[in-house]
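A.B. asks: Here it is, the structure, as C-alpha coordinates.
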Amino acid sequence: SQSALLEHAPAPARSTGDLVRKAQDHLIIITTPQRSGSHFLAELIHRGGASYGIYGGSEHIPAGQNADACYASLMDLLRHYKGIIAHMGNWCGSRENRFRFVSAVGEKLRQNGSVQVLHGWRSALMILSDEFLAQASEKEFGFHASSGNDTKLIAMYRNLTEHYRLPVGDAEANYAELAQRIRLTEHTELEFLRLVGLAQTGQLMEYNYESLLLPERHSHLTAIFQFLTRSTSAAVPTAMAETALRDSKHGKSADLEGQTLHPPTCSSRVRDWPRLRAMLKGTYTLGACDRLEEAFGSGGRKFG
(Lines give C-alpha, C1' and ligand atoms only; values in the text may rest on other atoms or scores of the structure.)
Protein backbone atom coordinates (compact mmCIF):
# COMPACT_ATOMS: atom_id res chain seq x y z
CA SER A 1 0.00 0.00 0.00
CA GLN A 2 1.06 3.60 -0.45
CA SER A 3 0.90 4.16 3.31
CA ALA A 4 3.58 1.52 3.69
CA LEU A 5 5.84 3.67 1.53
CA LEU A 6 5.20 6.83 3.48
CA GLU A 7 5.56 5.60 7.04
CA HIS A 8 8.92 4.10 7.93
CA ALA A 9 9.01 3.84 11.68
CA PRO A 10 11.27 1.21 13.23
CA ALA A 11 9.60 -2.02 14.23
CA PRO A 12 9.52 -2.45 18.02
CA ALA A 13 12.74 -4.12 19.11
CA ARG A 14 12.83 -6.83 21.73
CA SER A 15 14.53 -5.40 24.79
CA THR A 16 17.28 -7.12 26.72
CA GLY A 17 17.80 -4.22 29.09
CA ASP A 18 20.02 -1.20 28.81
CA LEU A 19 23.30 -3.04 28.30
CA VAL A 20 24.64 -3.61 24.81
CA ARG A 21 24.69 -7.32 24.09
CA LYS A 22 27.85 -9.33 23.54
CA ALA A 23 29.68 -8.66 20.29
CA GLN A 24 29.09 -12.18 18.95
CA ASP A 25 25.35 -11.64 19.25
CA HIS A 26 25.28 -8.67 16.88
CA LEU A 27 24.62 -10.18 13.46
CA ILE A 28 23.51 -7.46 11.06
CA ILE A 29 22.41 -7.49 7.41
CA ILE A 30 21.95 -4.27 5.45
CA THR A 31 19.58 -5.12 2.58
CA THR A 32 19.16 -1.82 0.72
CA PRO A 33 19.06 -1.81 -3.08
CA GLN A 34 22.32 -0.88 -4.73
CA ARG A 35 23.08 2.86 -4.92
CA SER A 36 21.01 3.54 -1.80
CA GLY A 37 23.72 4.52 0.65
CA SER A 38 24.41 1.12 2.22
CA HIS A 39 28.16 1.73 2.44
CA PHE A 40 27.51 5.17 3.93
CA LEU A 41 25.37 3.61 6.68
CA ALA A 42 27.86 0.78 7.22
CA GLU A 43 30.61 3.34 7.78
CA LEU A 44 28.47 5.24 10.30
CA ILE A 45 27.65 2.00 12.14
CA HIS A 46 31.31 1.02 12.27
CA ARG A 47 32.39 4.47 13.43
CA GLY A 48 29.83 4.63 16.23
CA GLY A 49 29.42 0.96 17.06
CA ALA A 50 32.77 -0.81 16.68
CA SER A 51 33.82 -0.18 20.28
CA TYR A 52 30.54 -1.84 21.32
CA GLY A 53 31.05 -4.84 19.04
CA ILE A 54 28.64 -3.62 16.35
CA TYR A 55 29.90 -3.53 12.77
CA GLY A 56 28.34 -2.37 9.51
CA GLY A 57 30.54 -4.55 7.33
CA SER A 58 31.15 -4.59 3.59
CA GLU A 59 29.34 -5.96 0.58
CA HIS A 60 28.96 -9.72 0.12
CA ILE A 61 26.87 -12.01 -2.08
CA PRO A 62 25.57 -15.22 -0.48
CA ALA A 63 25.63 -18.20 -2.83
CA GLY A 64 23.43 -21.27 -3.01
CA GLN A 65 21.36 -23.36 -5.39
CA ASN A 66 18.56 -23.80 -2.85
CA ALA A 67 17.17 -22.02 0.20
CA ASP A 68 19.13 -24.14 2.71
CA ALA A 69 22.43 -23.47 0.96
CA CYS A 70 21.63 -19.77 0.59
CA TYR A 71 20.80 -19.44 4.29
CA ALA A 72 23.95 -21.38 5.25
CA SER A 73 26.05 -19.08 3.07
CA LEU A 74 24.44 -16.00 4.64
CA MET A 75 25.08 -17.29 8.17
CA ASP A 76 28.69 -18.20 7.35
CA LEU A 77 29.26 -14.63 6.19
CA LEU A 78 27.62 -13.27 9.35
CA ARG A 79 29.65 -15.51 11.67
CA HIS A 80 32.82 -14.30 10.00
CA TYR A 81 32.07 -10.59 9.55
CA LYS A 82 29.26 -9.93 12.11
CA GLY A 83 27.80 -7.25 9.82
CA ILE A 84 27.38 -7.44 6.04
CA ILE A 85 25.75 -5.63 3.15
CA ALA A 86 23.66 -8.14 1.19
CA HIS A 87 21.70 -6.14 -1.37
CA MET A 88 18.13 -7.36 -1.75
CA GLY A 89 18.73 -8.39 -5.37
CA ASN A 90 21.69 -10.63 -4.47
CA TRP A 91 20.05 -13.31 -2.29
CA CYS A 92 20.98 -16.34 -4.42
CA GLY A 93 18.36 -15.48 -7.01
CA SER A 94 18.38 -16.19 -10.72
CA ARG A 95 18.09 -13.82 -13.64
CA GLU A 96 14.49 -14.97 -14.06
CA ASN A 97 13.58 -14.68 -10.37
CA ARG A 98 16.03 -12.81 -8.18
CA PHE A 99 13.78 -13.20 -5.10
CA ARG A 100 13.22 -16.96 -5.47
CA PHE A 101 14.69 -17.91 -2.04
CA VAL A 102 13.93 -14.73 -0.08
CA SER A 103 10.76 -16.06 1.58
CA ALA A 104 12.34 -19.36 2.65
CA VAL A 105 15.53 -17.66 3.91
CA GLY A 106 13.41 -15.10 5.74
CA GLU A 107 11.57 -17.91 7.52
CA LYS A 108 14.91 -19.37 8.64
CA LEU A 109 16.01 -15.93 9.89
CA ARG A 110 12.77 -15.71 11.91
CA GLN A 111 13.42 -19.13 13.42
CA ASN A 112 17.00 -18.14 14.25
CA GLY A 113 15.89 -14.88 15.86
CA SER A 114 19.36 -13.40 16.36
CA VAL A 115 19.89 -11.66 13.01
CA GLN A 116 18.90 -8.01 12.65
CA VAL A 117 18.05 -6.55 9.26
CA LEU A 118 18.33 -2.89 8.25
CA HIS A 119 16.56 -1.91 5.05
CA GLY A 120 17.14 1.58 3.74
CA TRP A 121 14.84 3.54 1.48
CA ARG A 122 16.16 6.15 -0.92
CA SER A 123 14.50 8.25 -3.60
CA ALA A 124 14.06 5.84 -6.52
CA LEU A 125 14.76 8.72 -8.90
CA MET A 126 18.21 9.17 -7.37
CA ILE A 127 18.87 5.42 -7.62
CA LEU A 128 17.92 5.38 -11.31
CA SER A 129 19.91 8.56 -11.96
CA ASP A 130 23.00 7.13 -10.27
CA GLU A 131 22.74 3.99 -12.44
CA PHE A 132 22.41 6.11 -15.58
CA LEU A 133 25.34 8.33 -14.58
CA ALA A 134 27.53 5.30 -13.84
CA GLN A 135 26.97 4.10 -17.41
CA ALA A 136 27.61 7.62 -18.74
CA SER A 137 30.84 7.82 -16.76
CA GLU A 138 32.10 4.57 -18.28
CA LYS A 139 31.23 5.92 -21.72
CA GLU A 140 32.77 9.38 -21.26
CA PHE A 141 35.73 8.68 -18.95
CA GLY A 142 36.35 4.95 -19.31
CA PHE A 143 35.85 4.45 -15.56
CA HIS A 144 33.26 4.96 -12.84
CA ALA A 145 33.96 6.45 -9.43
CA SER A 146 31.31 6.10 -6.72
CA SER A 147 32.85 8.60 -4.32
CA GLY A 148 35.71 11.04 -3.94
CA ASN A 149 36.51 14.57 -2.85
CA ASP A 150 39.10 15.50 -5.47
CA THR A 151 38.23 18.92 -6.86
CA LYS A 152 38.95 18.01 -10.49
CA LEU A 153 37.01 14.76 -10.25
CA ILE A 154 34.00 16.51 -8.70
CA ALA A 155 34.03 19.12 -11.48
CA MET A 156 34.09 16.35 -14.11
CA TYR A 157 31.16 14.56 -12.51
CA ARG A 158 29.09 17.70 -11.93
CA ASN A 159 29.46 18.46 -15.63
CA LEU A 160 28.51 14.87 -16.46
CA THR A 161 25.38 15.17 -14.30
CA GLU A 162 24.33 18.32 -16.11
CA HIS A 163 24.61 16.66 -19.52
CA TYR A 164 23.00 13.33 -18.58
CA ARG A 165 19.76 14.31 -16.94
CA LEU A 166 16.73 12.04 -17.02
CA PRO A 167 14.65 11.19 -18.91
CA VAL A 168 16.60 10.42 -22.08
CA GLY A 169 13.94 12.11 -24.27
CA ASP A 170 11.87 15.21 -23.61
CA ALA A 171 8.47 13.93 -24.74
CA GLU A 172 5.57 13.43 -22.32
CA ALA A 173 5.88 9.67 -22.85
CA ASN A 174 9.50 9.79 -21.65
CA TYR A 175 8.44 11.41 -18.38
CA ALA A 176 5.56 8.98 -17.95
CA GLU A 177 7.92 6.04 -18.49
CA LEU A 178 10.38 7.41 -15.92
CA ALA A 179 7.58 7.90 -13.39
CA GLN A 180 6.49 4.30 -13.99
CA ARG A 181 10.05 3.05 -13.43
CA ILE A 182 10.17 4.95 -10.14
CA ARG A 183 6.91 3.32 -8.99
CA LEU A 184 8.14 -0.11 -10.07
CA THR A 185 11.40 0.36 -8.17
CA GLU A 186 9.47 1.19 -4.98
CA HIS A 187 7.07 -1.70 -5.54
CA THR A 188 10.02 -4.09 -5.88
CA GLU A 189 11.33 -3.01 -2.47
CA LEU A 190 7.92 -3.57 -0.89
CA GLU A 191 7.80 -7.03 -2.48
CA PHE A 192 11.20 -7.93 -1.02
CA LEU A 193 10.13 -6.78 2.45
CA ARG A 194 6.88 -8.74 2.16
CA LEU A 195 8.75 -11.89 1.14
CA VAL A 196 11.46 -11.65 3.81
CA GLY A 197 8.63 -11.44 6.35
CA LEU A 198 10.41 -9.89 9.33
CA ALA A 199 8.19 -6.83 9.85
CA GLN A 200 6.43 -8.13 12.98
CA THR A 201 9.40 -9.89 14.57
CA GLY A 202 11.45 -6.98 15.91
CA GLN A 203 14.30 -8.13 13.64
CA LEU A 204 13.71 -5.53 10.90
CA MET A 205 14.10 -1.78 10.84
CA GLU A 206 13.38 0.35 7.79
CA TYR A 207 15.34 3.58 7.73
CA ASN A 208 15.54 6.52 5.32
CA TYR A 209 18.80 7.39 3.60
CA GLU A 210 17.72 11.01 3.23
CA SER A 211 17.22 11.30 7.00
CA LEU A 212 20.92 10.54 7.47
CA LEU A 213 21.72 13.69 5.47
CA LEU A 214 19.03 16.05 6.76
CA PRO A 215 18.70 17.96 10.08
CA GLU A 216 17.20 14.92 11.86
CA ARG A 217 20.32 12.84 11.10
CA HIS A 218 21.37 12.55 14.77
CA SER A 219 17.96 11.34 15.95
CA HIS A 220 17.56 8.98 12.99
CA LEU A 221 20.96 7.39 13.55
CA THR A 222 20.22 7.18 17.28
CA ALA A 223 17.06 5.22 16.44
CA ILE A 224 19.12 2.86 14.27
CA PHE A 225 21.63 2.27 17.07
CA GLN A 226 18.79 1.80 19.56
CA PHE A 227 17.38 -0.92 17.31
CA LEU A 228 20.79 -2.59 16.97
CA THR A 229 21.60 -2.49 20.69
CA ARG A 230 18.02 -3.43 21.68
CA SER A 231 18.42 -0.91 24.49
CA THR A 232 15.47 0.51 26.44
CA SER A 233 17.55 3.60 27.19
CA ALA A 234 18.60 6.15 24.59
CA ALA A 235 21.85 7.00 26.41
CA VAL A 236 24.17 4.48 24.74
CA PRO A 237 22.60 4.76 21.24
CA THR A 238 22.80 8.56 21.50
CA ALA A 239 26.49 8.38 22.42
CA MET A 240 27.09 6.02 19.48
CA ALA A 241 25.39 8.43 17.08
CA GLU A 242 27.41 11.33 18.51
CA THR A 243 30.62 9.41 17.83
CA ALA A 244 29.56 8.45 14.30
CA LEU A 245 28.53 12.02 13.43
CA ARG A 246 31.32 13.70 15.39
CA ASP A 247 31.81 16.49 12.85
CA SER A 248 28.11 17.23 12.43
CA LYS A 249 26.09 19.92 14.18
CA HIS A 250 22.71 19.09 15.70
CA GLY A 251 19.74 20.32 13.72
CA LYS A 252 21.83 20.91 10.61
CA SER A 253 21.96 19.02 7.32
CA ALA A 254 25.19 17.27 6.34
CA ASP A 255 27.80 19.53 4.76
CA LEU A 256 28.04 17.99 1.28
CA GLU A 257 30.00 20.81 -0.33
CA GLY A 258 32.99 19.22 -2.04
CA GLN A 259 32.01 15.77 -0.72
CA THR A 260 29.69 14.32 -3.38
CA LEU A 261 30.40 13.63 -7.04
CA HIS A 262 26.81 14.37 -8.07
CA PRO A 263 24.51 17.12 -6.74
CA PRO A 264 22.21 15.81 -3.97
CA THR A 265 18.89 17.18 -5.31
CA CYS A 266 16.35 15.54 -7.58
CA SER A 267 15.96 18.73 -9.61
CA SER A 268 19.64 18.45 -10.59
CA ARG A 269 19.02 14.99 -12.08
CA VAL A 270 15.95 15.73 -14.24
CA ARG A 271 15.47 17.85 -17.35
CA ASP A 272 12.21 19.30 -16.00
CA TRP A 273 11.72 18.42 -12.32
CA PRO A 274 8.29 20.09 -11.81
CA ARG A 275 6.99 18.14 -14.81
CA LEU A 276 8.12 14.80 -13.38
CA ARG A 277 7.19 15.76 -9.83
CA ALA A 278 3.53 16.14 -10.86
CA MET A 279 3.53 12.45 -11.84
CA LEU A 280 4.86 11.10 -8.53
CA LYS A 281 1.91 11.57 -6.17
CA GLY A 282 1.81 8.94 -3.43
CA THR A 283 5.41 7.78 -3.86
CA TYR A 284 8.20 7.71 -1.31
CA THR A 285 10.34 9.44 -3.93
CA LEU A 286 8.18 12.56 -3.99
CA GLY A 287 8.52 13.22 -0.25
CA ALA A 288 12.22 12.37 -0.25
CA CYS A 289 12.94 14.66 -3.19
CA ASP A 290 11.04 17.56 -1.64
CA ARG A 291 13.02 17.18 1.58
CA LEU A 292 16.32 17.16 -0.34
CA GLU A 293 15.21 20.18 -2.35
CA GLU A 294 14.39 22.11 0.81
CA ALA A 295 17.78 21.34 2.37
CA PHE A 296 20.12 21.46 -0.62
CA GLY A 297 18.23 23.18 -3.46
CA SER A 298 18.94 26.69 -4.64
CA GLY A 299 17.68 28.98 -1.92
CA GLY A 300 15.95 26.08 -0.18
CA ARG A 301 12.93 26.63 -2.43
CA LYS A 302 10.11 24.10 -2.15
CA PHE A 303 7.85 23.21 -5.04
CA GLY A 304 4.19 23.72 -4.34
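The chains in the C-alpha coordinates are called A, B, ... from first to last as shown; in each chain the residues are counted from 1, and the ligands are counted from 1 in the order shown.
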Within 10 Å of stretch 273-278 of chain A, which residues of stretch 137-230 of chain A show up? Give each one with its shortest atom-to-atom distance in Å (one decimal) and the two atoms involved, counting only C-alpha atoms, rows by chain then rising residue number, as CSV.
C.D. replies:
```
residue,atom,partner,partner_atom,distance
A:Leu166,CA,A:Trp273,CA,9.4
A:Pro167,CA,A:Leu276,CA,9.3
A:Glu172,CA,A:Arg275,CA,9.0
A:Asn174,CA,A:Leu276,CA,9.8
A:Tyr175,CA,A:Leu276,CA,6.1
A:Ala176,CA,A:Leu276,CA,7.8
A:Leu178,CA,A:Leu276,CA,8.1
A:Ala179,CA,A:Leu276,CA,6.9
```
A.B. asks: Could you make a table, as CSV, of the residues of stretch 206-277 of chain A that have an atom within 8 Å of an atom of stretch 153-158 of chain A, each with its nearest atom pair and distance in Å to one decimal, counting only C-alpha atoms, in chain and number order?
C.D. replies:
```
residue,atom,partner,partner_atom,distance
A:Gly258,CA,A:Ile154,CA,7.3
A:Thr260,CA,A:Ile154,CA,7.2
A:Leu261,CA,A:Ile154,CA,4.9
A:His262,CA,A:Arg158,CA,5.6
A:Pro263,CA,A:Arg158,CA,6.9
```
A.B. asks: So that I have them on file, write out the residues from the current selection with N, CA, C and O atoms, as a PDB file, in the first residue's frame.
C.D. replies:
```pdb
ATOM      1  N   GLY A 258      31.702  19.827  -1.753  1.00  0.00           N
ATOM      2  CA  GLY A 258      32.991  19.221  -2.042  1.00  0.00           C
ATOM      3  C   GLY A 258      33.108  17.779  -1.597  1.00  0.00           C
ATOM      4  O   GLY A 258      34.206  17.215  -1.589  1.00  0.00           O
ATOM      5  N   THR A 260      30.448  15.246  -2.535  1.00  0.00           N
ATOM      6  CA  THR A 260      29.688  14.323  -3.384  1.00  0.00           C
ATOM      7  C   THR A 260      30.012  14.581  -4.849  1.00  0.00           C
ATOM      8  O   THR A 260      30.169  15.725  -5.279  1.00  0.00           O
ATOM      9  N   LEU A 261      30.082  13.496  -5.624  1.00  0.00           N
ATOM     10  CA  LEU A 261      30.400  13.632  -7.044  1.00  0.00           C
ATOM     11  C   LEU A 261      29.223  14.210  -7.826  1.00  0.00           C
ATOM     12  O   LEU A 261      29.409  14.932  -8.797  1.00  0.00           O
ATOM     13  N   HIS A 262      28.011  13.875  -7.395  1.00  0.00           N
ATOM     14  CA  HIS A 262      26.811  14.370  -8.066  1.00  0.00           C
ATOM     15  C   HIS A 262      26.039  15.271  -7.109  1.00  0.00           C
ATOM     16  O   HIS A 262      26.042  15.040  -5.895  1.00  0.00           O
ATOM     17  N   PRO A 263      25.343  16.271  -7.610  1.00  0.00           N
ATOM     18  CA  PRO A 263      24.513  17.116  -6.743  1.00  0.00           C
ATOM     19  C   PRO A 263      23.466  16.270  -6.014  1.00  0.00           C
ATOM     20  O   PRO A 263      22.980  15.274  -6.558  1.00  0.00           O
TER      21      PRO A 263
END
```
A.B. asks: Need to verify the contact set: A:Tyr55, 9 Å, only C-alpha atoms, exclusion of same-chain residues closer than 5 positions in sequence. Can you return it as a VMD selection string?
C.D. replies: chain A and resid 26 to 28 42 to 43 45 to 50 81 to 84
A.B. asks: Using Å and a single decimal, report how far atom CA of A:Pro62 sits from atom CA of A:Asn90.
C.D. replies: 7.2 Å
A.B. asks: For stretch 215-227 of chain A, please output as a PyMOL selection string all residues within 8 Å (counting only C-alpha atoms; exclusion window: fewer than 4 positions along the same chain).
C.D. replies: chain A and resi 10+13+45+49+205+207+211+231-234+236-238+240-242+245+250-254
A.B. asks: Could you check how far atom CA of A:Trp121 sits from atom CA of A:Asp290, in Å to one decimal?
C.D. replies: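 A separation of 14.9 Å between them.
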A.B. asks: Any chance you could list, as a VMD selection string, the residues in stretch 103-194 of chain A that come up strand (DSSP E) when DSSP is run on the backbone?
C.D. replies: chain A and resid 115 to 121
A.B. asks: Please produce a file of the residues just selected, as an mmCIF file, in the first residue's frame, where the atoms kept are N, CA, C and O atoms.
C.D. replies:
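Output below, filename out_36.cif:
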```cif
data_model
loop_
_atom_site.group_PDB
_atom_site.id
_atom_site.type_symbol
_atom_site.label_atom_id
_atom_site.label_comp_id
_atom_site.auth_asym_id
_atom_site.auth_seq_id
_atom_site.Cartn_x
_atom_site.Cartn_y
_atom_site.Cartn_z
ATOM 1 N N VAL A 115 19.408 -12.527 14.079
ATOM 2 C CA VAL A 115 19.886 -11.661 13.010
ATOM 3 C C VAL A 115 18.994 -10.429 12.897
ATOM 4 O O VAL A 115 17.772 -10.532 12.898
ATOM 5 N N GLN A 116 19.626 -9.267 12.816
ATOM 6 C CA GLN A 116 18.899 -8.009 12.648
ATOM 7 C C GLN A 116 19.100 -7.493 11.231
ATOM 8 O O GLN A 116 20.214 -7.548 10.695
ATOM 9 N N VAL A 117 18.027 -6.999 10.645
ATOM 10 C CA VAL A 117 18.047 -6.549 9.258
ATOM 11 C C VAL A 117 17.711 -5.063 9.196
ATOM 12 O O VAL A 117 16.712 -4.612 9.759
ATOM 13 N N LEU A 118 18.565 -4.305 8.509
ATOM 14 C CA LEU A 118 18.330 -2.889 8.247
ATOM 15 C C LEU A 118 18.047 -2.722 6.766
ATOM 16 O O LEU A 118 18.861 -3.130 5.917
ATOM 17 N N HIS A 119 16.889 -2.150 6.455
ATOM 18 C CA HIS A 119 16.558 -1.911 5.050
ATOM 19 C C HIS A 119 16.360 -0.423 4.834
ATOM 20 O O HIS A 119 15.480 0.198 5.431
ATOM 21 N N GLY A 120 17.185 0.151 3.968
ATOM 22 C CA GLY A 120 17.141 1.583 3.744
ATOM 23 C C GLY A 120 16.392 1.964 2.491
ATOM 24 O O GLY A 120 16.574 1.365 1.428
ATOM 25 N N TRP A 121 15.533 2.968 2.624
ATOM 26 C CA TRP A 121 14.841 3.542 1.481
ATOM 27 C C TRP A 121 15.585 4.782 0.993
ATOM 28 O O TRP A 121 16.100 5.564 1.795
#
```
A.B. asks: Residues near A:Glu189, anyone? I mean within 9 Å using only C-alpha atoms, not counting same-chain ones fewer than 5 positions away, as a tab-separated table (two decimals) with N, CA, C and O atoms, in the first residue's frame.
C.D. replies:
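For reference, out.tsv as written:
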```tsv
chain	number	residue	atom	x	y	z
A	32	THR	N	19.60	-2.86	1.65
A	32	THR	CA	19.16	-1.82	0.72
A	32	THR	C	19.44	-2.22	-0.72
A	32	THR	O	20.33	-3.01	-1.00
A	33	PRO	N	18.67	-1.64	-1.66
A	33	PRO	CA	19.06	-1.81	-3.08
A	33	PRO	C	20.42	-1.16	-3.30
A	33	PRO	O	20.88	-0.34	-2.50
A	88	MET	N	19.33	-6.53	-1.65
A	88	MET	CA	18.13	-7.36	-1.75
A	88	MET	C	18.07	-8.15	-3.06
A	88	MET	O	17.43	-9.19	-3.12
A	121	TRP	N	15.53	2.97	2.62
A	121	TRP	CA	14.84	3.54	1.48
A	121	TRP	C	15.58	4.78	0.99
A	121	TRP	O	16.10	5.56	1.79
A	184	LEU	N	7.76	1.30	-10.03
A	184	LEU	CA	8.14	-0.11	-10.07
A	184	LEU	C	9.30	-0.39	-9.12
A	184	LEU	O	9.31	-1.41	-8.43
A	194	ARG	N	8.00	-7.82	1.92
A	194	ARG	CA	6.88	-8.74	2.16
A	194	ARG	C	7.39	-10.18	2.19
A	194	ARG	O	7.03	-10.97	3.07
```
